[in-house]
Structure formats: structure tokens, C-alpha cells
$ cat work_2.pdb   # PDB, C-alpha atoms
ATOM      1  CA  MET A   1     -16.361  -2.211   2.198
ATOM      2  CA  ARG A   2     -15.641  -3.258  -1.396
ATOM      3  CA  LEU A   3     -15.236  -0.690  -4.190
ATOM      4  CA  THR A   4     -14.835  -0.956  -7.959
ATOM      5  CA  TYR A   5     -13.086   1.691 -10.051
ATOM      6  CA  ASP A   6     -13.152   2.216 -13.802
ATOM      7  CA  ILE A   7      -9.799   3.126 -15.304
ATOM      8  CA  SER A   8     -11.109   6.589 -16.159
ATOM      9  CA  GLN A   9     -11.767   7.190 -12.452
ATOM     10  CA  LEU A  10      -8.115   6.509 -11.631
ATOM     11  CA  SER A  11      -6.102   7.970 -14.507
ATOM     12  CA  ALA A  12      -5.726  11.370 -12.844
ATOM     13  CA  TYR A  13      -4.342   9.688  -9.701
ATOM     14  CA  ILE A  14      -1.463   7.936 -11.482
ATOM     15  CA  ASN A  15       1.938   8.949 -10.147
ATOM     16  CA  TRP A  16       3.838   9.116 -13.439
ATOM     17  CA  PRO A  17       7.414   9.574 -12.105
ATOM     18  CA  TYR A  18       7.332   5.981 -10.809
ATOM     19  CA  PHE A  19       6.176   4.813 -14.244
ATOM     20  CA  PHE A  20       9.078   6.614 -15.942
ATOM     21  CA  TYR A  21      11.523   5.243 -13.378
ATOM     22  CA  ALA A  22      10.399   1.684 -14.104
ATOM     23  CA  TRP A  23      11.134   2.276 -17.814
ATOM     24  CA  GLN A  24      14.475   3.924 -16.948
ATOM     25  CA  VAL A  25      13.413   6.960 -18.994
ATOM     26  CA  ARG A  26      15.090  10.274 -18.063
ATOM     27  CA  GLU A  27      14.818  12.630 -21.045
ATOM     28  CA  PRO A  28      11.793  15.009 -20.810
ATOM     29  CA  ALA A  29      10.809  14.487 -24.452
ATOM     30  CA  GLU A  30      10.920  10.709 -24.060
ATOM     31  CA  LYS A  31       8.856  10.946 -20.872
ATOM     32  CA  GLU A  32       6.232  12.984 -22.711
ATOM     33  CA  ARG A  33       6.127  10.505 -25.593
ATOM     34  CA  LEU A  34       5.826   7.536 -23.230
ATOM     35  CA  ARG A  35       3.089   9.211 -21.206
ATOM     36  CA  ARG A  36       1.048   9.978 -24.335
ATOM     37  CA  GLU A  37       1.376   6.350 -25.415
ATOM     38  CA  ALA A  38       0.375   5.101 -21.955
ATOM     39  CA  GLU A  39      -2.654   7.396 -21.806
ATOM     40  CA  THR A  40      -3.796   6.110 -25.205
ATOM     41  CA  VAL A  41      -3.468   2.546 -23.929
ATOM     42  CA  LEU A  42      -5.482   3.413 -20.811
ATOM     43  CA  GLN A  43      -8.287   4.769 -23.003
ATOM     44  CA  GLN A  44      -8.278   1.517 -24.966
ATOM     45  CA  LEU A  45      -8.494  -0.507 -21.742
ATOM     46  CA  GLU A  46     -11.501   1.444 -20.442
ATOM     47  CA  GLY A  47     -14.491  -0.835 -19.946
ATOM     48  CA  ARG A  48     -12.408  -3.995 -20.374
ATOM     49  CA  TYR A  49     -10.511  -3.952 -17.068
ATOM     50  CA  ARG A  50     -11.127  -2.434 -13.656
ATOM     51  CA  ALA A  51      -9.436  -1.905 -10.306
ATOM     52  CA  TYR A  52     -10.811  -2.893  -6.906
ATOM     53  CA  ALA A  53     -10.424  -1.902  -3.271
ATOM     54  CA  LEU A  54     -11.258  -3.244   0.175
ATOM     55  CA  PHE A  55     -11.351  -1.120   3.315
ATOM     56  CA  LEU A  56     -12.358  -1.767   6.922
ATOM     57  CA  LEU A  57     -12.164   0.572   9.907
ATOM     58  CA  PHE A  58     -11.441  -0.844  13.360
ATOM     59  CA  ASP A  59     -11.258   0.447  16.906
ATOM     60  CA  ALA A  60      -7.639  -0.073  17.877
ATOM     61  CA  ASP A  61      -5.273  -0.199  20.804
ATOM     62  CA  THR A  62      -1.647  -1.129  21.309
ATOM     63  CA  ASP A  63       0.212  -3.705  23.357
ATOM     64  CA  GLY A  64       3.877  -2.826  23.181
ATOM     65  CA  ASP A  65       4.705  -2.735  19.474
ATOM     66  CA  ASP A  66       1.556  -4.650  18.471
ATOM     67  CA  ILE A  67      -1.541  -2.907  17.131
ATOM     68  CA  LEU A  68      -4.687  -4.610  18.421
ATOM     69  CA  VAL A  69      -7.700  -4.624  16.120
ATOM     70  CA  GLY A  70     -11.034  -6.382  15.882
ATOM     71  CA  ALA A  71     -11.722  -9.449  17.978
ATOM     72  CA  GLY A  72      -8.267 -10.011  19.423
ATOM     73  CA  LYS A  73      -6.337  -9.691  16.156
ATOM     74  CA  ARG A  74      -2.789  -8.390  16.404
ATOM     75  CA  ILE A  75      -0.747  -6.565  13.795
ATOM     76  CA  PRO A  76       2.861  -6.906  15.013
ATOM     77  CA  CYS A  77       5.072  -3.964  14.073
ATOM     78  CA  LEU A  78       8.814  -3.406  14.280
ATOM     79  CA  ARG A  79      10.726  -0.587  15.946
ATOM     80  CA  GLN A  80      13.820   1.139  14.597
ATOM     81  CA  GLN A  81      16.964   0.134  16.459
ATOM     82  CA  GLU A  82      19.742   2.020  14.677
ATOM     83  CA  LYS A  83      21.319   4.940  16.530
ATOM     84  CA  GLY A  84      19.928   8.259  15.373
ATOM     85  CA  SER A  85      16.847   6.681  13.801
ATOM     86  CA  GLY A  86      14.347   8.047  16.308
ATOM     87  CA  TYR A  87      13.392   4.506  17.368
ATOM     88  CA  GLN A  88       9.992   4.860  15.722
ATOM     89  CA  CYS A  89       7.269   2.242  15.347
ATOM     90  CA  LEU A  90       3.908   2.444  13.572
ATOM     91  CA  ALA A  91       2.198   1.442  16.808
ATOM     92  CA  ASP A  92       3.294   4.805  18.249
ATOM     93  CA  PHE A  93       0.620   6.505  16.125
ATOM     94  CA  VAL A  94      -2.327   4.535  17.557
ATOM     95  CA  SER A  95      -3.788   5.136  21.002
ATOM     96  CA  SER A  96      -6.962   4.063  22.789
ATOM     97  CA  HIS A  97      -6.372   6.932  25.228
ATOM     98  CA  HIS A  98      -7.625   9.406  22.642
ATOM     99  CA  ALA A  99     -11.011   9.848  21.030
ATOM    100  CA  PRO A 100     -11.508   8.706  17.435
ATOM    101  CA  PRO A 101      -9.944   8.928  14.920
ATOM    102  CA  PHE A 102      -6.672   8.349  16.804
ATOM    103  CA  SER A 103      -8.062   5.268  18.557
ATOM    104  CA  GLN A 104      -8.951   3.703  15.204
ATOM    105  CA  ILE A 105      -7.069   2.153  12.304
ATOM    106  CA  GLY A 106      -7.929   1.413   8.702
ATOM    107  CA  VAL A 107      -6.915  -1.750   6.847
ATOM    108  CA  PHE A 108      -6.991  -1.831   3.042
ATOM    109  CA  ALA A 109      -6.088  -3.662  -0.136
ATOM    110  CA  THR A 110      -6.326  -2.712  -3.807
ATOM    111  CA  SER A 111      -5.816  -4.728  -6.981
ATOM    112  CA  VAL A 112      -6.647  -4.939 -10.691
ATOM    113  CA  ASP A 113      -8.254  -7.448 -13.007
ATOM    114  CA  HIS A 114      -5.906 -10.405 -13.351
ATOM    115  CA  GLY A 115      -6.113 -10.170 -17.137
ATOM    116  CA  LEU A 116      -4.006  -7.025 -17.174
ATOM    117  CA  GLU A 117      -1.071  -9.260 -16.223
ATOM    118  CA  THR A 118      -1.940 -12.312 -18.327
ATOM    119  CA  ASP A 119      -3.764 -11.232 -21.497
ATOM    120  CA  PHE A 120      -0.756  -9.705 -23.269
ATOM    121  CA  ASP A 121       1.875 -12.442 -23.093
ATOM    122  CA  GLY A 122       2.331 -12.566 -26.875
ATOM    123  CA  ASP A 123       4.247  -9.275 -27.096
ATOM    124  CA  ALA A 124       7.094  -8.507 -24.693
ATOM    125  CA  TYR A 125       6.812  -4.720 -25.043
ATOM    126  CA  GLN A 126       3.044  -4.719 -24.635
ATOM    127  CA  LYS A 127       3.275  -7.098 -21.700
ATOM    128  CA  MET A 128       5.717  -4.785 -19.922
ATOM    129  CA  MET A 129       3.541  -1.754 -20.667
ATOM    130  CA  MET A 130       0.467  -3.493 -19.239
ATOM    131  CA  GLN A 131       2.302  -4.705 -16.142
ATOM    132  CA  LEU A 132       3.637  -1.261 -15.344
ATOM    133  CA  LEU A 133       0.267   0.382 -15.985
ATOM    134  CA  ALA A 134      -1.389  -2.269 -13.818
ATOM    135  CA  ASP A 135       1.057  -1.428 -11.005
ATOM    136  CA  ARG A 136       0.255   2.283 -11.367
ATOM    137  CA  LEU A 137      -3.496   1.609 -11.400
ATOM    138  CA  ALA A 138      -3.312  -0.426  -8.189
ATOM    139  CA  GLU A 139      -1.394   2.444  -6.552
ATOM    140  CA  ALA A 140      -3.839   4.980  -8.025
ATOM    141  CA  ALA A 141      -6.707   2.974  -6.546
ATOM    142  CA  ALA A 142      -4.998   3.180  -3.148
ATOM    143  CA  GLU A 143      -4.636   6.954  -3.585
ATOM    144  CA  ARG A 144      -8.282   7.394  -4.565
ATOM    145  CA  LEU A 145      -9.458   5.085  -1.766
ATOM    146  CA  HIS A 146      -7.378   6.960   0.804
ATOM    147  CA  GLU A 147      -8.940  10.244  -0.299
ATOM    148  CA  GLN A 148     -12.436   8.775   0.099
ATOM    149  CA  VAL A 149     -11.490   7.321   3.483
ATOM    150  CA  ARG A 150     -10.148  10.617   4.816
ATOM    151  CA  LYS A 151     -13.066  12.712   3.579
ATOM    152  CA  THR A 152     -16.020  10.301   3.807
ATOM    153  CA  PHE A 153     -15.686   6.712   5.018
ATOM    154  CA  TRP A 154     -13.590   7.551   8.091
ATOM    155  CA  GLY A 155     -14.171  11.258   7.710
ATOM    156  CA  TYR A 156     -11.365  12.572   9.894
ATOM    157  CA  ALA A 157     -10.481  15.168   7.222
ATOM    158  CA  LYS A 158     -13.916  16.130   5.898
ATOM    159  CA  ASP A 159     -12.788  19.631   4.962
ATOM    160  CA  GLU A 160      -9.646  18.579   3.094
ATOM    161  CA  GLN A 161      -9.201  20.599  -0.098
ATOM    162  CA  LEU A 162      -6.144  19.158  -1.834
ATOM    163  CA  SER A 163      -5.431  18.916  -5.515
ATOM    164  CA  ILE A 164      -4.339  15.544  -6.858
ATOM    165  CA  PRO A 165      -0.718  16.764  -7.278
ATOM    166  CA  GLU A 166      -0.790  17.791  -3.599
ATOM    167  CA  MET A 167      -2.106  14.352  -2.651
ATOM    168  CA  LEU A 168       0.660  12.687  -4.636
ATOM    169  CA  LEU A 169       3.100  14.764  -2.564
ATOM    170  CA  GLU A 170       1.406  13.345   0.578
ATOM    171  CA  LYS A 171       0.260  16.703   1.953
ATOM    172  CA  PHE A 172      -2.762  15.055   3.594
ATOM    173  CA  GLN A 173      -3.129  14.162   7.271
ATOM    174  CA  GLY A 174      -2.221  10.599   8.149
ATOM    175  CA  ILE A 175      -0.358   7.869   6.276
ATOM    176  CA  ARG A 176      -1.063   4.545   4.559
ATOM    177  CA  PRO A 177       2.037   2.371   5.113
ATOM    178  CA  ALA A 178       1.954  -0.539   2.686
ATOM    179  CA  VAL A 179       3.045  -4.080   3.468
ATOM    180  CA  GLY A 180       6.498  -4.725   2.043
ATOM    181  CA  TYR A 181       7.508  -1.060   2.203
ATOM    182  CA  PRO A 182      10.221   0.417   4.499
ATOM    183  CA  SER A 183       8.200   0.841   7.718
ATOM    184  CA  LEU A 184       6.278  -2.446   7.296
ATOM    185  CA  PRO A 185       8.726  -4.731   5.464
ATOM    186  CA  ASP A 186       7.403  -8.200   6.354
ATOM    187  CA  THR A 187       5.249  -9.330   3.407
ATOM    188  CA  SER A 188       3.902 -12.228   5.466
ATOM    189  CA  LEU A 189       1.814  -9.673   7.391
ATOM    190  CA  ASN A 190      -0.527 -10.011   4.430
ATOM    191  CA  PHE A 191      -1.772 -13.207   6.050
ATOM    192  CA  VAL A 192      -2.887 -11.147   9.068
ATOM    193  CA  LEU A 193      -4.532  -8.511   6.870
ATOM    194  CA  ASP A 194      -6.196 -11.229   4.803
ATOM    195  CA  GLU A 195      -7.864 -12.574   7.945
ATOM    196  CA  LEU A 196      -9.346  -9.113   8.457
ATOM    197  CA  LEU A 197     -10.206  -8.253   4.845
ATOM    198  CA  ASP A 198     -10.732 -11.550   2.984
ATOM    199  CA  MET A 199      -8.707 -10.377  -0.006
ATOM    200  CA  LYS A 200     -10.133 -12.973  -2.378
ATOM    201  CA  GLN A 201     -13.159 -10.684  -2.620
ATOM    202  CA  ILE A 202     -11.098  -8.614  -5.064
ATOM    203  CA  GLY A 203      -9.203 -11.498  -6.620
ATOM    204  CA  ILE A 204      -6.038 -11.400  -4.493
ATOM    205  CA  ARG A 205      -4.384 -14.665  -3.528
ATOM    206  CA  LEU A 206      -1.267 -14.995  -1.385
ATOM    207  CA  THR A 207       1.872 -16.997  -2.068
ATOM    208  CA  GLU A 208       3.657 -18.975   0.646
ATOM    209  CA  SER A 209       5.673 -15.868   1.571
ATOM    210  CA  GLY A 210       2.617 -13.589   1.653
ATOM    211  CA  ALA A 211       3.307 -11.923  -1.716
ATOM    212  CA  MET A 212       0.121 -10.924  -3.520
ATOM    213  CA  LYS A 213      -1.126 -12.144  -6.873
ATOM    214  CA  PRO A 214      -1.897 -10.222  -9.072
ATOM    215  CA  HIS A 215       1.471  -8.566  -8.580
ATOM    216  CA  ALA A 216      -0.301  -5.240  -9.198
ATOM    217  CA  SER A 217      -1.817  -5.172  -5.715
ATOM    218  CA  VAL A 218      -1.290  -2.996  -2.649
ATOM    219  CA  SER A 219      -2.182  -3.698   0.972
ATOM    220  CA  GLY A 220      -1.527  -1.946   4.243
ATOM    221  CA  LEU A 221      -2.737   0.238   7.079
ATOM    222  CA  MET A 222      -4.253   3.699   7.284
ATOM    223  CA  LEU A 223      -3.362   5.857  10.280
ATOM    224  CA  ALA A 224      -5.018   9.204  11.015
ATOM    225  CA  HIS A 225      -2.701  10.699  13.628
ATOM    226  CA  PRO A 226      -1.453  14.145  12.506
ATOM    227  CA  GLN A 227       2.089  13.265  13.597
ATOM    228  CA  ALA A 228       2.108   9.949  11.711
ATOM    229  CA  HIS A 229       4.797   9.853   9.049
ATOM    230  CA  TYR A 230       6.721   7.355   6.970
ATOM    231  CA  PHE A 231      10.109   6.070   8.051
ATOM    232  CA  ASN A 232      12.633   3.423   7.094
ATOM    233  CA  LEU A 233      12.856   0.620   9.633
ATOM    234  CA  GLY A 234      16.507  -0.017   8.823
ATOM    235  CA  LYS A 235      18.440  -2.847  10.422
ATOM    236  CA  ILE A 236      17.162  -4.753  13.454
ATOM    237  CA  GLY A 237      19.039  -7.003  15.861
ATOM    238  CA  GLU A 238      18.673 -10.620  16.820
ATOM    239  CA  ASP A 239      16.835  -9.617  19.999
ATOM    240  CA  GLN A 240      14.065  -7.851  18.111
ATOM    241  CA  LEU A 241      13.881 -10.636  15.537
ATOM    242  CA  ARG A 242      13.232 -13.171  18.310
ATOM    243  CA  ASP A 243      10.701 -10.904  20.005
ATOM    244  CA  TYR A 244       8.934 -10.340  16.699
ATOM    245  CA  ALA A 245       8.823 -14.070  15.944
ATOM    246  CA  HIS A 246       7.286 -14.637  19.375
ATOM    247  CA  ARG A 247       4.645 -11.993  18.716
ATOM    248  CA  ARG A 248       3.939 -13.425  15.252
ATOM    249  CA  GLY A 249       3.677 -16.929  16.697
ATOM    250  CA  LEU A 250       6.181 -18.185  14.120
ATOM    251  CA  PRO A 251       9.566 -19.923  14.296
ATOM    252  CA  VAL A 252      12.506 -17.519  14.397
ATOM    253  CA  GLU A 253      14.021 -18.992  11.228
ATOM    254  CA  ILE A 254      10.804 -18.357   9.282
ATOM    255  CA  CYS A 255      10.767 -14.714  10.366
ATOM    256  CA  ARG A 256      14.472 -14.505   9.530
ATOM    257  CA  LYS A 257      13.584 -15.289   5.902
ATOM    258  CA  PHE A 258      10.775 -12.718   5.856
ATOM    259  CA  LEU A 259      13.048  -9.999   7.293
ATOM    260  CA  ALA A 260      16.355 -10.938   5.665
ATOM    261  CA  ALA A 261      16.826  -7.464   4.162
ATOM    262  CA  ASN A 262      16.551  -5.848   7.599
ATOM    263  CA  LEU A 263      19.013  -8.103   9.446
TER
END

$ encode --input "work_2.pdb" --output "C-alpha cells"
Amino acid sequence: MRLTYDISQLSAYINWPYFFYAWQVREPAEKERLRREAETVLQQLEGRYRAYALFLLFDADTDGDDILVGAGKRIPCLRQQEKGSGYQCLADFVSSHHAPPFSQIGVFATSVDHGLETDFDGDAYQKMMMQLLADRLAEAAAERLHEQVRKTFWGYAKDEQLSIPEMLLEKFQGIRPAVGYPSLPDTSLNFVLDELLDMKQIGIRLTESGAMKPHASVSGLMLAHPQAHYFNLGKIGEDQLRDYAHRRGLPVEICRKFLAANL
């Protein structure tokens, strides 16, 4: 499923605190001024640039810490190893022993028109403004997509009645862990998701490490289990690194580079 969003469809879903943090703005008056400026820019961009999303729903199962989807595809996950961490793994929230939606998994990606990152190189301030707004729009597209998935496309929360501020506080059922974030830190997993989604449909290309271009792109999983929650993987040991490399079908030293921050 491929979706296109106008900027006006996403503006209400922007999580502004992250925008202010990126600017290192702390004073309330300065935040208000910056937001007014950004909202004016968004109005000027309407009709010139758009955001895009891909979503697919799969029956799923697990094999150890791997999530099995589609025709034999595996999404290898990592399990916490630090004492007191709870030893959690995203695969814990998927089970073929239950009826849908808990025996299913969503895979998604969102991005923006490439021009938002390249058409404003002549002015450093404007370029930074556009990059940060592009980042927020890609995240807003993921928020809007997730709402549509929960209520319609997957439909496991048809009766959900949340305001957008409540959604931004993640009061909904389920999670959407993104590649490169604390519970799914290996950016090279984008190669696995790309095999499932064909990200070039929305203009995403992958670097050698699996980073996405445009930079203002988000990819990840959607899990429906009511007990699913975000967590920080933390540090892993050499034993799990080697096991993970085996499950990825990659040399240990390659995976060591991908997971350097967690070793």
C-alpha cells in the first residue's frame, strides 16, 4: 500500500518539541516565534512538496529472536542482556499461537520529496529550516499512517478515539519501533525491510550501511500486542553479536560495525 500526503494533512501531527530541541531553543517566547515561522513556511510549501508512505501487513511467527514474515523472510531482532533490563526482545510481542492481530506484523516506511533537502542549498538558515521540517514531516507521516493502520488498514483499534496530542504521547495500543532507534538499532535492517516494501516506490535509496536517503525518512515495524512497548536494547555481549551475525547471514565484523554503539 502506497500513500501520498499533502503537507496540510500532516501539519497537525508534527511533534514540535523535537523541532525545538533540534534548534536548541528553550525559551517559551522563542519557541512560539520559531513555531509561527515554521508554520508560515509549511503553508508556502503546500502543493510544492509532499510526503509518502508504504505499508504492508504480514502474517507472522517467531523463531527464537527472529520474526518470520512473508515467504520465508526473517527480521532478526536483539534481546537485552544487561542485568535488570527485563531481557526484552521485539519478537516477544509476536505470536502465531494467537488469532490476529497478534499473529501479524506491519512493515512501513515514510519519506518526503527529495527537493526539501536539496532545493534550498543557497541559504544556510533556510536549508536548516527545511531539513528540520522535512524530518518532522516524515515523522508526522509515520504518525498519520499508524493512525490509519490501527483504525482502518489493519483495524485492530477501530474504536480508538484519541486526540492528536494523545497520539503524540503514544497512548494508542501497539508500537512502531523504527530502524535505528533504541530497540532496533541496526540500520542495515533496512535492507531486509526494503526487500519487503521496495522503498524506491517512495524515492528512498539505501547507502552501504542501510541509512536512508532522503535523510528525512522513517522505516520500521508495527506491532499490535497490547503489552508491546518501547525499550532500550542497551549493551550486548560478544555471544549475542555472533549469534546475530549468524542469523543475519553476515560476517561478524560487518555486524560489529552496524552495532558498534551497543557493544

$ resolve_selection --input "work_2.pdb" --expression "the PyMOL selection byres ((chain A and resi 179) around 8)" --output "number ranges by chain"
A: 177-178, 180-181, 184-187, 189-190, 218-220

$ atom_distance --input "work_2.pdb" --atom1 "atom CA of Glu253 of chain A" --atom2 "atom CA of Leu68 of chain A"
24.7 Å

$ closest_atom_pairs --input "work_2.pdb" --of "segment 209-253 of chain A" --to "segment 95-105 of chain A" --cutoff "10 Å" --atoms "only C-alpha atoms" --output "Markdown table"
| residue | atom | partner | partner_atom | distance |
| --- | --- | --- | --- | --- |
| A:Leu221 | CA | A:Ile105 | CA | 7.1 |
| A:Met222 | CA | A:Ile105 | CA | 6.0 |
| A:Leu223 | CA | A:Ile105 | CA | 5.6 |
| A:Ala224 | CA | A:Phe102 | CA | 6.1 |
| A:His225 | CA | A:Phe102 | CA | 5.6 |
| A:Pro226 | CA | A:Phe102 | CA | 8.9 |

$ closest_residue --input "work_2.pdb" --among "A:Ala38, A:Gly64, A:Leu137, A:Ile175" --to "Trp23 of chain A" --atoms "all atoms listed in the file"
A:Ala38

$ residues_around --input "work_2.pdb" --residues "Leu56 of chain A" --least-positions-apart "2" --cutoff "9 Å" --atoms "only C-alpha atoms" --output "JSON, numbers by chain"
{"A": [1, 54, 58, 105, 106, 107, 108, 196, 197]}

$ resolve_selection --input "work_2.pdb" --expression "the PyMOL selection byres ((chain A and resi 82-90) around 10)" --output "ChimeraX atom specification"
/A:64-67,76-81,91-94,177,183-184,221,223,228-237

$ resolve_selection --input "work_2.pdb" --expression "the PyMOL selection byres ((chain A and resi 131) around 12)" --output "VMD selection string"
chain A and resid 19 22 to 23 38 112 to 121 124 to 130 132 to 138 214 to 217

$ residues_around --input "work_2.pdb" --residues "segment 33-37 of chain A" --least-positions-apart "6" --cutoff "9 Å" --atoms "all atoms listed in the file" --output "ChimeraX atom specification"
/A:16,19-20,25

$ atom_distance --input "work_2.pdb" --atom1 "atom CA of Trp154 of chain A" --atom2 "atom CA of Phe172 of chain A"
13.9 Å

$ atom_distance --input "work_2.pdb" --atom1 "atom CA of Arg74 of chain A" --atom2 "atom CA of Cys255 of chain A"
16.1 Å

$ closest_residue --input "work_2.pdb" --among "A:Leu259, A:Glu27, A:Glu147, A:Glu208" --to "Lys171 of chain A" --atoms "only C-alpha atoms"
A:Glu147

$ axis_aligned_box --input "work_2.pdb" --around "segment 157-161 of chain A" --padding-each-side "6 Å" --output "lines of an AutoDock Vina configuration file"
center_x = -11.6
center_y = 17.9
center_z = 3.6
size_x = 16.7
size_y = 17.4
size_z = 19.3

$ closest_residue --input "work_2.pdb" --among "A:Ala157, A:Glu143, A:Pro182, A:Ser8" --to "Glu170 of chain A" --atoms "only C-alpha atoms"
A:Glu143

$ closest_residue --input "work_2.pdb" --among "A:Asp243, A:Glu139, A:Asp194, A:Glu238" --to "Phe55 of chain A" --atoms "all atoms listed in the file"
A:Asp194

$ closest_residue --input "work_2.pdb" --among "A:Lys73, A:Arg2, A:Arg26, A:Lys31" --to "Arg248 of chain A" --atoms "all atoms listed in the file"
A:Lys73

$ closest_residue --input "work_2.pdb" --among "A:Leu250, A:Leu193, A:Ile202, A:Ala53" --to "Arg144 of chain A" --atoms "all atoms listed in the file"
A:Ala53
